[in-house]
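*Asks:* What follows is the file run22.csv, containing CSV, C-alpha atoms:
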```
chain,number,residue,atom,x,y,z
T,1,MET,CA,27.2,29.2,-19.7
T,2,SER,CA,30.2,29.5,-21.9
T,3,THR,CA,30.9,33.1,-21.0
T,4,GLN,CA,30.2,35.1,-17.9
T,5,PRO,CA,27.8,37.9,-18.6
T,6,THR,CA,27.8,41.4,-17.2
T,7,LEU,CA,24.3,42.4,-16.0
T,8,GLU,CA,23.1,45.9,-15.1
T,9,THR,CA,20.3,47.3,-12.9
T,10,ALA,CA,19.5,50.9,-12.1
T,11,ARG,CA,22.2,51.1,-9.4
T,12,LEU,CA,24.3,48.0,-9.9
T,13,ARG,CA,26.6,46.2,-12.3
T,14,LEU,CA,27.0,42.4,-11.8
T,15,ARG,CA,30.2,41.4,-13.5
T,16,PRO,CA,32.7,38.5,-13.6
T,17,TYR,CA,35.3,38.4,-10.9
T,18,THR,CA,39.0,39.0,-11.7
T,19,GLU,CA,42.3,38.8,-9.7
T,20,ALA,CA,42.1,42.6,-9.2
T,21,ASP,CA,39.1,42.0,-7.0
T,22,ILE,CA,41.1,40.4,-4.1
T,23,PRO,CA,42.0,43.7,-2.3
T,24,GLU,CA,38.3,44.7,-2.2
T,25,LEU,CA,37.1,41.2,-1.5
T,26,LEU,CA,39.1,40.6,1.7
T,27,PRO,CA,37.8,43.4,3.9
T,28,LEU,CA,34.2,42.9,2.7
T,29,THR,CA,34.1,39.1,3.2
T,30,GLY,CA,36.4,39.1,6.1
T,31,THR,CA,33.9,40.2,8.7
T,32,ARG,CA,32.3,37.8,11.2
T,33,GLU,CA,28.9,39.3,10.3
T,34,VAL,CA,29.2,38.3,6.6
T,35,ALA,CA,30.5,34.8,7.4
T,36,ALA,CA,27.7,34.2,9.9
T,37,THR,CA,25.0,34.9,7.3
T,38,THR,CA,26.5,32.7,4.5
T,39,LEU,CA,27.1,29.0,4.2
T,40,ARG,CA,30.2,29.0,2.1
T,41,ILE,CA,32.3,31.9,3.4
T,42,ALA,CA,34.9,31.0,6.0
T,43,HIS,CA,35.9,33.1,9.0
T,44,PRO,CA,38.6,34.3,9.1
T,45,TYR,CA,38.7,34.9,5.3
T,46,THR,CA,42.2,35.0,3.9
T,47,GLU,CA,43.9,35.9,0.7
T,48,GLN,CA,44.3,32.2,0.0
T,49,ASP,CA,40.5,31.8,0.5
T,50,ALA,CA,40.0,34.6,-2.1
T,51,LYS,CA,42.3,33.0,-4.6
T,52,ALA,CA,40.6,29.6,-4.1
T,53,PHE,CA,37.2,31.3,-4.6
T,54,LEU,CA,38.4,32.9,-7.9
T,55,GLN,CA,39.2,29.4,-9.1
T,56,LEU,CA,35.7,28.2,-8.2
T,57,ALA,CA,34.2,31.2,-9.9
T,58,LYS,CA,35.5,29.8,-13.2
T,59,ASP,CA,33.2,26.7,-12.9
T,60,PRO,CA,30.9,26.8,-16.0
T,61,ASP,CA,27.9,25.5,-14.1
T,62,LYS,CA,28.0,28.4,-11.7
T,63,LEU,CA,27.5,32.0,-12.5
T,64,TRP,CA,29.5,33.9,-9.9
T,65,LEU,CA,29.4,37.7,-10.3
T,66,ALA,CA,30.8,40.6,-8.3
T,67,ILE,CA,28.1,43.1,-7.2
T,68,THR,CA,29.5,46.6,-7.9
T,69,LEU,CA,28.0,50.1,-7.8
T,70,ARG,CA,27.5,51.6,-11.2
T,71,SER,CA,28.3,55.0,-9.8
T,72,ASP,CA,31.9,54.3,-8.9
T,73,ALA,CA,32.5,50.6,-9.8
T,74,ARG,CA,33.2,49.8,-6.1
T,75,GLN,CA,32.6,46.2,-5.2
T,76,ILE,CA,29.9,45.7,-2.5
T,77,GLY,CA,29.3,42.0,-2.6
T,78,GLY,CA,28.8,38.9,-4.7
T,79,ILE,CA,26.0,36.8,-6.2
T,80,VAL,CA,25.8,33.3,-7.7
T,81,LEU,CA,23.5,31.0,-9.6
T,82,ARG,CA,24.6,27.4,-9.0
T,83,VAL,CA,23.0,25.8,-12.1
T,84,GLU,CA,22.0,22.1,-12.4
T,85,LYS,CA,21.4,21.9,-16.1
T,86,HIS,CA,19.9,18.4,-16.1
T,87,HIS,CA,17.2,19.5,-13.6
T,88,GLN,CA,16.8,23.0,-15.1
T,89,HIS,CA,17.1,24.6,-11.7
T,90,ALA,CA,19.6,26.8,-9.8
T,91,GLU,CA,20.4,27.8,-6.3
T,92,LEU,CA,20.7,31.6,-5.8
T,93,GLY,CA,23.2,32.8,-3.2
T,94,TYR,CA,24.6,36.2,-2.4
T,95,TRP,CA,26.4,38.2,0.2
T,96,LEU,CA,27.0,41.9,0.8
T,97,GLY,CA,29.6,43.8,2.8
T,98,VAL,CA,28.2,45.1,6.1
T,99,PRO,CA,28.3,48.8,5.1
T,100,PHE,CA,26.0,48.0,2.2
T,101,TRP,CA,23.3,46.2,4.2
T,102,GLY,CA,19.8,47.7,4.3
T,103,HIS,CA,19.9,49.7,1.1
T,104,GLY,CA,18.0,47.2,-1.2
T,105,TYR,CA,21.1,46.1,-3.1
T,106,ALA,CA,20.6,42.4,-2.4
T,107,THR,CA,17.0,42.5,-3.6
T,108,GLU,CA,18.0,44.5,-6.7
T,109,ALA,CA,20.9,42.1,-7.6
T,110,ALA,CA,18.8,39.0,-6.8
T,111,ASN,CA,15.9,40.2,-9.0
T,112,GLU,CA,18.3,40.6,-11.9
T,113,MET,CA,19.9,37.2,-11.4
T,114,VAL,CA,16.4,35.5,-11.2
T,115,ARG,CA,15.4,37.4,-14.4
T,116,TYR,CA,18.6,36.2,-16.2
T,117,GLY,CA,18.1,32.6,-14.9
T,118,PHE,CA,14.6,32.4,-16.3
T,119,ASP,CA,14.9,34.5,-19.4
T,120,THR,CA,18.4,33.6,-20.6
T,121,LEU,CA,19.2,30.3,-19.0
T,122,ALA,CA,15.7,28.9,-19.4
T,123,LEU,CA,15.6,27.6,-15.9
T,124,HIS,CA,12.4,26.0,-14.5
T,125,ARG,CA,13.1,26.7,-10.8
T,126,ILE,CA,15.4,28.9,-8.7
T,127,PHE,CA,15.7,28.4,-5.0
T,128,ALA,CA,17.2,30.4,-2.2
T,129,SER,CA,16.3,32.2,1.0
T,130,HIS,CA,13.8,35.0,0.9
T,131,PHE,CA,11.3,33.5,-1.6
T,132,LYS,CA,8.5,31.0,-0.7
T,133,HIS,CA,9.1,28.7,2.3
T,134,GLU,CA,9.3,25.1,1.3
T,135,GLY,CA,10.7,23.3,4.4
T,136,CYS,CA,13.4,23.0,7.0
T,137,GLN,CA,16.3,20.6,7.3
T,138,ARG,CA,16.9,20.5,11.1
T,139,GLU,CA,20.5,20.3,12.3
T,140,HIS,CA,21.7,20.0,8.8
T,141,LEU,CA,24.9,22.1,8.8
T,142,ARG,CA,27.8,22.9,11.0
T,143,LYS,CA,28.8,26.6,10.9
T,144,MET,CA,31.1,28.5,13.3
T,145,GLY,CA,31.0,25.8,16.0
T,146,SER,CA,27.3,25.1,16.1
T,147,VAL,CA,24.8,22.9,14.3
T,148,ARG,CA,22.3,24.9,12.3
T,149,ARG,CA,19.1,24.2,10.5
T,150,LEU,CA,18.7,25.0,6.8
T,151,GLU,CA,15.5,26.7,5.8
T,152,LEU,CA,14.5,26.0,2.2
T,153,TYR,CA,12.8,28.6,-0.1
T,154,GLY,CA,12.0,28.5,-3.8
T,155,ILE,CA,10.1,30.1,-6.7
T,156,LEU,CA,8.8,28.6,-9.9
T,157,ARG,CA,8.9,30.2,-13.3
T,158,ARG,CA,5.1,30.6,-13.4
T,159,GLU,CA,5.2,32.4,-10.0
T,160,TRP,CA,7.9,34.7,-11.2
T,161,GLU,CA,6.0,35.5,-14.4
T,162,ILE,CA,2.8,36.5,-12.6
T,163,ARG,CA,4.4,38.6,-9.9
T,164,GLU,CA,3.2,42.2,-9.5
```
For this file, write the structure as structure tokens.

*Replies:*
Amino acid sequence: MSTQPTLETARLRLRPYTEADIPELLPLTGTREVAATTLRIAHPYTEQDAKAFLQLAKDPDKLWLAITLRSDARQIGGIVLRVEKHHQHAELGYWLGVPFWGHGYATEAANEMVRYGFDTLALHRIFASHFKHEGCQREHLRKMGSVRRLELYGILRREWEIRE
């Protein structure tokens, strides 16, 4: 992925991050609720964390995009495909600010990223939570002072192509 695309859905624009995103990024990712539901977001989340993230977002093997509302360009979350080119697969990850939970934005953004992964990046497999359960890694991760299991989910291209 030489350039980061901008993708659009009915309500959302998924676009590359910029330094100008930091003021919106901090209050959205800084909540305990967001950190508790994501593997890679620290709590508390600081300006230094945001700056470090923006450097990571430049990794050519990862497609990190800000999730924004098309109506007013307000940032509401973030989404990523962590691509393993050799294996033709990617991990899908996302987060949304708490005020934007429960409105279908994560599903809408994830569907667009999965479409892009299969149609444009020619991936064979995309895995994440909320697809088809594939297994469980018990006591696999430490997060916020406790040991947690990691549930694994995935979808294959042929399953994506025959969806209703």

*Asks:* Which one is closest to Arg138 (chain T): T:Glu151, T:Asp61, T:Glu91, T:Asp72? Count all atoms listed in the file.

*Replies:*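 Smallest separation from Arg138 (chain T) among the options: T:Glu151.
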
*Asks:* Using all atoms listed in the file, which of T:Gly154, T:Arg163, T:Thr37, T:Gly117 sits nearest Tyr94 (chain T)?

*Replies:* T:Thr37

*Asks:* Using only C-alpha atoms, can you tell me which of T:Ile155, T:Leu81, T:Ala50, T:Ala128 comes closest to Tyr17 (chain T)?

*Replies:*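 With only C-alpha atoms as the atom set, the closest residue is T:Ala50.
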
*Asks:* Which value, in Å to one decimal, gives the distance between CA of Ala110 (chain T) and CA of Gln88 (chain T)?

*Replies:* 18.1 Å

*Asks:* Separation of CA of Arg148 (chain T) and CA of Phe53 (chain T), in Å?

*Replies:*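 CA of Phe53 (chain T) lies 23.4 Å from CA of Arg148 (chain T).
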
*Asks:* Rank nothing, just name the residue among T:Val34, T:Leu156, T:Ile22, T:Ala66 nearest to Thr46 (chain T), using all atoms listed in the file.

*Replies:* T:Ile22

*Asks:* In Å to one decimal, how far is CA of Glu47 (chain T) from CA of Trp64 (chain T)?

*Replies:*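 Taking CA of Trp64 (chain T) and CA of Glu47 (chain T), their separation equals 18.0 Å.
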
*Asks:* Name the residues within 12 Å of (16.6, 39.0, -7.8), counting all atoms listed in the file in the file's coordinates, and put them as an MDAnalysis selection string.

*Replies:* chainID T and resid 7:9 14 79:81 91:94 104:118 126:131 155 160

*Asks:* Could you give me, as a ChimeraX atom specification, the residues that sit within 6 Å of (31.3, 37.4, -18.9) in the file's coordinates, counting all atoms listed in the file?

*Replies:* /T:3-6,16

*Asks:* Please write the residues from the selection above to a file, keeping C-alpha atoms, as a PDB file, in the coordinates of the input.

*Replies:*
```pdb
ATOM      1  CA  THR T   3      30.900  33.100 -21.000  1.00  0.00           C
ATOM      2  CA  GLN T   4      30.200  35.100 -17.900  1.00  0.00           C
ATOM      3  CA  PRO T   5      27.800  37.900 -18.600  1.00  0.00           C
ATOM      4  CA  THR T   6      27.800  41.400 -17.200  1.00  0.00           C
ATOM      5  CA  PRO T  16      32.700  38.500 -13.600  1.00  0.00           C
TER       6      PRO T  16
END
```

*Asks:* Residues within 10 Å of Thr18 (chain T), please, as a list in words. Count only C-alpha atoms; anything in the same chain fewer than 3 positions from it doesn't count.

*Replies:*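 Once the nearby chain positions are removed, what remains is Arg15, Asp21, Ile22, Lys51, Leu54, Gln55, Ala57, Lys58, Leu65 and Ala66 of chain T.
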
*Asks:* What's around Gly145 (chain T) at 12 Å? Count only C-alpha atoms, leave out sequence neighbours fewer than 2 positions away in its own chain, and write the answer as a PyMOL selection string.

*Replies:* chain T and resi 36+42-43+141-143+147-148

*Asks:* From the list T:Asp49, T:Gly30, T:Glu84, T:Ile76, which residue is nearest Leu63 (chain T) when using all atoms listed in the file?

*Replies:*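 Among T:Asp49, T:Gly30, T:Glu84, T:Ile76, it is T:Glu84 that comes nearest to Leu63 (chain T).
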
*Asks:* Which one is closest to Phe100 (chain T): T:Cys136, T:Ile67, T:Val83, T:Ala35? Count only C-alpha atoms.

*Replies:*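 Closest residue, counting only C-alpha atoms: T:Ile67.
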
*Asks:* Export region 105-142 of chain T, N, CA and C atoms, as a PDB file, in the first residue's frame; it's the structure right above.

*Replies:*
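Ended up saving to selection_27.pdb:
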```pdb
ATOM      1  N   TYR T 105     -21.986   2.434  13.283  1.00  0.00           N
ATOM      2  CA  TYR T 105     -20.807   2.992  12.605  1.00  0.00           C
ATOM      3  C   TYR T 105     -19.675   1.973  12.472  1.00  0.00           C
ATOM      4  N   ALA T 106     -19.437   1.176  13.501  1.00  0.00           N
ATOM      5  CA  ALA T 106     -18.347   0.182  13.438  1.00  0.00           C
ATOM      6  C   ALA T 106     -18.629  -0.840  12.345  1.00  0.00           C
ATOM      7  N   THR T 107     -19.852  -1.299  12.263  1.00  0.00           N
ATOM      8  CA  THR T 107     -20.231  -2.270  11.232  1.00  0.00           C
ATOM      9  C   THR T 107     -20.062  -1.670   9.846  1.00  0.00           C
ATOM     10  N   GLU T 108     -20.502  -0.444   9.676  1.00  0.00           N
ATOM     11  CA  GLU T 108     -20.403   0.241   8.379  1.00  0.00           C
ATOM     12  C   GLU T 108     -18.943   0.419   7.963  1.00  0.00           C
ATOM     13  N   ALA T 109     -18.116   0.862   8.890  1.00  0.00           N
ATOM     14  CA  ALA T 109     -16.684   1.060   8.597  1.00  0.00           C
ATOM     15  C   ALA T 109     -15.993  -0.281   8.331  1.00  0.00           C
ATOM     16  N   ALA T 110     -16.304  -1.282   9.145  1.00  0.00           N
ATOM     17  CA  ALA T 110     -15.675  -2.599   8.981  1.00  0.00           C
ATOM     18  C   ALA T 110     -16.048  -3.219   7.635  1.00  0.00           C
ATOM     19  N   ASN T 111     -17.307  -3.107   7.246  1.00  0.00           N
ATOM     20  CA  ASN T 111     -17.718  -3.652   5.942  1.00  0.00           C
ATOM     21  C   ASN T 111     -16.940  -3.011   4.807  1.00  0.00           C
ATOM     22  N   GLU T 112     -16.715  -1.700   4.890  1.00  0.00           N
ATOM     23  CA  GLU T 112     -15.967  -1.019   3.828  1.00  0.00           C
ATOM     24  C   GLU T 112     -14.503  -1.455   3.818  1.00  0.00           C
ATOM     25  N   MET T 113     -13.917  -1.624   4.988  1.00  0.00           N
ATOM     26  CA  MET T 113     -12.514  -2.072   5.048  1.00  0.00           C
ATOM     27  C   MET T 113     -12.374  -3.511   4.547  1.00  0.00           C
ATOM     28  N   VAL T 114     -13.325  -4.359   4.864  1.00  0.00           N
ATOM     29  CA  VAL T 114     -13.286  -5.741   4.370  1.00  0.00           C
ATOM     30  C   VAL T 114     -13.431  -5.740   2.843  1.00  0.00           C
ATOM     31  N   ARG T 115     -14.349  -4.945   2.326  1.00  0.00           N
ATOM     32  CA  ARG T 115     -14.495  -4.829   0.873  1.00  0.00           C
ATOM     33  C   ARG T 115     -13.183  -4.384   0.238  1.00  0.00           C
ATOM     34  N   TYR T 116     -12.564  -3.354   0.785  1.00  0.00           N
ATOM     35  CA  TYR T 116     -11.303  -2.847   0.264  1.00  0.00           C
ATOM     36  C   TYR T 116     -10.207  -3.924   0.347  1.00  0.00           C
ATOM     37  N   GLY T 117     -10.160  -4.626   1.455  1.00  0.00           N
ATOM     38  CA  GLY T 117      -9.157  -5.674   1.625  1.00  0.00           C
ATOM     39  C   GLY T 117      -9.266  -6.768   0.579  1.00  0.00           C
ATOM     40  N   PHE T 118     -10.478  -7.214   0.313  1.00  0.00           N
ATOM     41  CA  PHE T 118     -10.664  -8.269  -0.684  1.00  0.00           C
ATOM     42  C   PHE T 118     -10.599  -7.732  -2.113  1.00  0.00           C
ATOM     43  N   ASP T 119     -11.293  -6.641  -2.390  1.00  0.00           N
ATOM     44  CA  ASP T 119     -11.383  -6.148  -3.767  1.00  0.00           C
ATOM     45  C   ASP T 119     -10.127  -5.433  -4.250  1.00  0.00           C
ATOM     46  N   THR T 120      -9.505  -4.626  -3.406  1.00  0.00           N
ATOM     47  CA  THR T 120      -8.364  -3.815  -3.845  1.00  0.00           C
ATOM     48  C   THR T 120      -7.025  -4.439  -3.458  1.00  0.00           C
ATOM     49  N   LEU T 121      -6.924  -4.945  -2.233  1.00  0.00           N
ATOM     50  CA  LEU T 121      -5.658  -5.524  -1.776  1.00  0.00           C
ATOM     51  C   LEU T 121      -5.519  -7.004  -2.124  1.00  0.00           C
ATOM     52  N   ALA T 122      -6.571  -7.607  -2.659  1.00  0.00           N
ATOM     53  CA  ALA T 122      -6.577  -9.006  -3.083  1.00  0.00           C
ATOM     54  C   ALA T 122      -6.201  -9.957  -1.947  1.00  0.00           C
ATOM     55  N   LEU T 123      -6.683  -9.682  -0.754  1.00  0.00           N
ATOM     56  CA  LEU T 123      -6.419 -10.556   0.381  1.00  0.00           C
ATOM     57  C   LEU T 123      -7.209 -11.852   0.254  1.00  0.00           C
ATOM     58  N   HIS T 124      -6.713 -12.897   0.884  1.00  0.00           N
ATOM     59  CA  HIS T 124      -7.411 -14.181   0.926  1.00  0.00           C
ATOM     60  C   HIS T 124      -8.247 -14.311   2.197  1.00  0.00           C
ATOM     61  N   ARG T 125      -7.751 -13.727   3.292  1.00  0.00           N
ATOM     62  CA  ARG T 125      -8.407 -13.890   4.587  1.00  0.00           C
ATOM     63  C   ARG T 125      -8.277 -12.615   5.401  1.00  0.00           C
ATOM     64  N   ILE T 126      -9.350 -12.260   6.100  1.00  0.00           N
ATOM     65  CA  ILE T 126      -9.344 -11.145   7.046  1.00  0.00           C
ATOM     66  C   ILE T 126      -9.878 -11.689   8.354  1.00  0.00           C
ATOM     67  N   PHE T 127      -9.191 -11.373   9.444  1.00  0.00           N
ATOM     68  CA  PHE T 127      -9.652 -11.877  10.736  1.00  0.00           C
ATOM     69  C   PHE T 127      -9.784 -10.743  11.737  1.00  0.00           C
ATOM     70  N   ALA T 128     -10.721 -10.923  12.650  1.00  0.00           N
ATOM     71  CA  ALA T 128     -11.024  -9.910  13.667  1.00  0.00           C
ATOM     72  C   ALA T 128     -12.072 -10.491  14.609  1.00  0.00           C
ATOM     73  N   SER T 129     -12.565  -9.646  15.492  1.00  0.00           N
ATOM     74  CA  SER T 129     -13.701 -10.069  16.297  1.00  0.00           C
ATOM     75  C   SER T 129     -14.973  -9.777  15.520  1.00  0.00           C
ATOM     76  N   HIS T 130     -16.035 -10.457  15.850  1.00  0.00           N
ATOM     77  CA  HIS T 130     -17.366 -10.275  15.273  1.00  0.00           C
ATOM     78  C   HIS T 130     -17.543 -10.878  13.898  1.00  0.00           C
ATOM     79  N   PHE T 131     -16.702 -11.833  13.521  1.00  0.00           N
ATOM     80  CA  PHE T 131     -16.999 -12.597  12.310  1.00  0.00           C
ATOM     81  C   PHE T 131     -17.309 -14.020  12.747  1.00  0.00           C
ATOM     82  N   LYS T 132     -16.639 -15.016  12.229  1.00  0.00           N
ATOM     83  CA  LYS T 132     -16.907 -16.421  12.542  1.00  0.00           C
ATOM     84  C   LYS T 132     -15.897 -16.909  13.570  1.00  0.00           C
ATOM     85  N   HIS T 133     -16.383 -17.473  14.664  1.00  0.00           N
ATOM     86  CA  HIS T 133     -15.513 -17.910  15.754  1.00  0.00           C
ATOM     87  C   HIS T 133     -14.585 -19.025  15.295  1.00  0.00           C
ATOM     88  N   GLU T 134     -13.290 -18.883  15.570  1.00  0.00           N
ATOM     89  CA  GLU T 134     -12.299 -19.871  15.173  1.00  0.00           C
ATOM     90  C   GLU T 134     -11.558 -20.478  16.351  1.00  0.00           C
ATOM     91  N   GLY T 135     -11.613 -19.862  17.508  1.00  0.00           N
ATOM     92  CA  GLY T 135     -10.915 -20.430  18.646  1.00  0.00           C
ATOM     93  C   GLY T 135     -10.690 -19.421  19.756  1.00  0.00           C
ATOM     94  N   CYS T 136     -10.003 -19.882  20.780  1.00  0.00           N
ATOM     95  CA  CYS T 136      -9.750 -19.055  21.959  1.00  0.00           C
ATOM     96  C   CYS T 136      -8.332 -19.315  22.453  1.00  0.00           C
ATOM     97  N   GLN T 137      -7.601 -18.242  22.725  1.00  0.00           N
ATOM     98  CA  GLN T 137      -6.278 -18.340  23.347  1.00  0.00           C
ATOM     99  C   GLN T 137      -6.455 -17.939  24.813  1.00  0.00           C
ATOM    100  N   ARG T 138      -6.476 -18.929  25.688  1.00  0.00           N
ATOM    101  CA  ARG T 138      -6.740 -18.669  27.100  1.00  0.00           C
ATOM    102  C   ARG T 138      -5.567 -17.968  27.760  1.00  0.00           C
ATOM    103  N   GLU T 139      -5.866 -16.992  28.601  1.00  0.00           N
ATOM    104  CA  GLU T 139      -4.866 -16.232  29.354  1.00  0.00           C
ATOM    105  C   GLU T 139      -3.710 -15.785  28.466  1.00  0.00           C
ATOM    106  N   HIS T 140      -4.052 -15.227  27.321  1.00  0.00           N
ATOM    107  CA  HIS T 140      -3.068 -14.879  26.301  1.00  0.00           C
ATOM    108  C   HIS T 140      -2.491 -13.472  26.450  1.00  0.00           C
ATOM    109  N   LEU T 141      -3.278 -12.543  27.006  1.00  0.00           N
ATOM    110  CA  LEU T 141      -2.865 -11.146  27.054  1.00  0.00           C
ATOM    111  C   LEU T 141      -3.012 -10.570  28.451  1.00  0.00           C
ATOM    112  N   ARG T 142      -2.171  -9.567  28.744  1.00  0.00           N
ATOM    113  CA  ARG T 142      -2.343  -8.786  29.970  1.00  0.00           C
ATOM    114  C   ARG T 142      -2.870  -7.427  29.557  1.00  0.00           C
TER     115      ARG T 142
END
```
